[in-house]
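> Following this message is one structure expressed as structure tokens.
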Amino acid sequence: MKSTIPGFGQRYLVTYTGADDQYLSGEHTYKLHIPVNVPTSNFWSLTAYGEEDRLMIENDASRPDISSSTKNLKVNTDGSVDLYIGQKPVEGFEKNWVQTNPGKAGSHTSVFMVQQKKCLINRGLWVI
């Protein structure tokens with residue numbers, strides 16, 4: 001897909017490891033804090049992909065992703081959002097959760113995507 005609008009498009013922020021520098025694993029729960037005012041003109045999303053096949057993971061929840069358009073997301077009092085990715089939901093944050101499957105270290109990759117009109121992330125004007 002090619003856009004003729006300068007700076008318009010998606011920006012993908014990918015991680016293979018958690019805060020402890022260990023590969024992501026389906027047995028653990030990870031938290032991603034989304035600050036207020038994400039530079040997006042359309043939406044943001046968090047998606048879990050299988051490391052072996054590079055496809056969105058299949059899970060019992062039948063939902064490999066969460067986005068800013070997900071209904072009933074729990075929003076913090078300051079307007080930020082906490083997302084969770086793991087085998088079981090964190091109590092009170094079920095709508096903010098992507099289910100993973102247990103497996104070996106490196107069993108999944110998390111991708112945070114922002115669709116925007118201006119290239120703010122690449123210019124270093126926004127940091128997550």
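Simple scheme: letters A, B, ... for chains in structure tokens order, numbers from 1 for residues in each chain, numbers from 1 for ligands in the order shown.
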Could you pull the residues within 7 Å of His33 (chain A), counting only C-alpha atoms, minus those fewer than 4 positions along the same chain, as a PyMOL selection string?
chain A and resi 81-83
> For all heavy atoms, I'd like the residues from the last selection saved as a PDB file, in the first residue's frame.

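And here is the file that came out, part_38.pdb:
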```pdb
ATOM      1  N   VAL A  81      -4.184   4.611  29.219  1.00  0.00           N
ATOM      2  CA  VAL A  81      -4.770   3.270  29.183  1.00  0.00           C
ATOM      3  C   VAL A  81      -3.660   2.262  29.489  1.00  0.00           C
ATOM      4  O   VAL A  81      -2.557   2.364  28.957  1.00  0.00           O
ATOM      5  CB  VAL A  81      -5.372   2.975  27.791  1.00  0.00           C
ATOM      6  CG1 VAL A  81      -5.908   1.554  27.710  1.00  0.00           C
ATOM      7  CG2 VAL A  81      -6.461   3.976  27.444  1.00  0.00           C
ATOM      8  N   ASP A  82      -3.970   1.292  30.348  1.00  0.00           N
ATOM      9  CA  ASP A  82      -3.053   0.187  30.622  1.00  0.00           C
ATOM     10  C   ASP A  82      -3.555  -1.047  29.899  1.00  0.00           C
ATOM     11  O   ASP A  82      -4.713  -1.446  30.062  1.00  0.00           O
ATOM     12  CB  ASP A  82      -2.960  -0.098  32.126  1.00  0.00           C
ATOM     13  CG  ASP A  82      -2.302   1.037  32.884  1.00  0.00           C
ATOM     14  OD1 ASP A  82      -1.398   1.683  32.311  1.00  0.00           O
ATOM     15  OD2 ASP A  82      -2.688   1.279  34.034  1.00  0.00           O
ATOM     16  N   LEU A  83      -2.703  -1.638  29.061  1.00  0.00           N
ATOM     17  CA  LEU A  83      -3.032  -2.850  28.321  1.00  0.00           C
ATOM     18  C   LEU A  83      -2.250  -4.010  28.918  1.00  0.00           C
ATOM     19  O   LEU A  83      -1.114  -3.838  29.365  1.00  0.00           O
ATOM     20  CB  LEU A  83      -2.681  -2.693  26.849  1.00  0.00           C
ATOM     21  CG  LEU A  83      -3.311  -1.523  26.110  1.00  0.00           C
ATOM     22  CD1 LEU A  83      -2.829  -1.496  24.668  1.00  0.00           C
ATOM     23  CD2 LEU A  83      -4.825  -1.586  26.183  1.00  0.00           C
TER      24      LEU A  83
END
```
> Could you name the residues that touch region 59-75 of chain A at 8 Å or less, counting only C-alpha atoms, but leaving out those on the same chain fewer than 6 positions away, as a list in words?
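Listing them by chain and then by number gives Phe43, Trp44, Ser45, Leu46, Thr47, Ala48, Tyr49, Val81, Asp82, Phe93, Lys95, Asn96, Trp97, Val98, Gln99, Thr100 and Asn101 of chain A.
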> Considering only C-alpha atoms, state which residue in the set A:Asn42, A:Pro102, A:Lys31, A:Asp53 is at the smallest distance from Tyr84 (chain A).
A:Lys31
> Tell me, in Å to one decimal, how far CA of Ser80 (chain A) is from CA of Ile34 (chain A).
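So the answer is 5.6 Å.
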> So how far away is CA of Val36 (chain A) from CA of Thr77 (chain A), in Å?
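That distance, rounded to one decimal, is 10.5 Å.
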> So the first atom is CA of Tyr30 (chain A) and the second is CA of Gly86 (chain A); what is the distance between them in Å, to one decimal place?
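It comes out at 6.3 Å.
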> Write out as a ChimeraX atom specification all residues of region 60-102 of chain A that DSSP puts in strand (DSSP E or B) for this structure's backbone.
/A:65-67,75,81-86,97-99
> Export, as a PDB file, in the first residue's frame, the selected residues with C-alpha atoms.

```pdb
ATOM      1  CA  ASP A  65      -5.415  -7.600  19.499  1.00  0.00           C
ATOM      2  CA  ILE A  66      -6.801  -4.539  21.302  1.00  0.00           C
ATOM      3  CA  SER A  67      -7.233  -1.111  19.775  1.00  0.00           C
ATOM      4  CA  VAL A  75      -9.339   4.232  30.895  1.00  0.00           C
ATOM      5  CA  VAL A  81      -4.770   3.270  29.183  1.00  0.00           C
ATOM      6  CA  ASP A  82      -3.053   0.187  30.622  1.00  0.00           C
ATOM      7  CA  LEU A  83      -3.032  -2.850  28.321  1.00  0.00           C
ATOM      8  CA  TYR A  84      -2.201  -6.377  29.429  1.00  0.00           C
ATOM      9  CA  ILE A  85      -0.980  -9.309  27.404  1.00  0.00           C
ATOM     10  CA  GLY A  86      -0.794 -12.708  29.076  1.00  0.00           C
ATOM     11  CA  TRP A  97      -6.287  -7.811  27.724  1.00  0.00           C
ATOM     12  CA  VAL A  98      -4.915  -9.962  24.894  1.00  0.00           C
ATOM     13  CA  GLN A  99      -4.716 -13.658  25.759  1.00  0.00           C
TER      14      GLN A  99
END
```
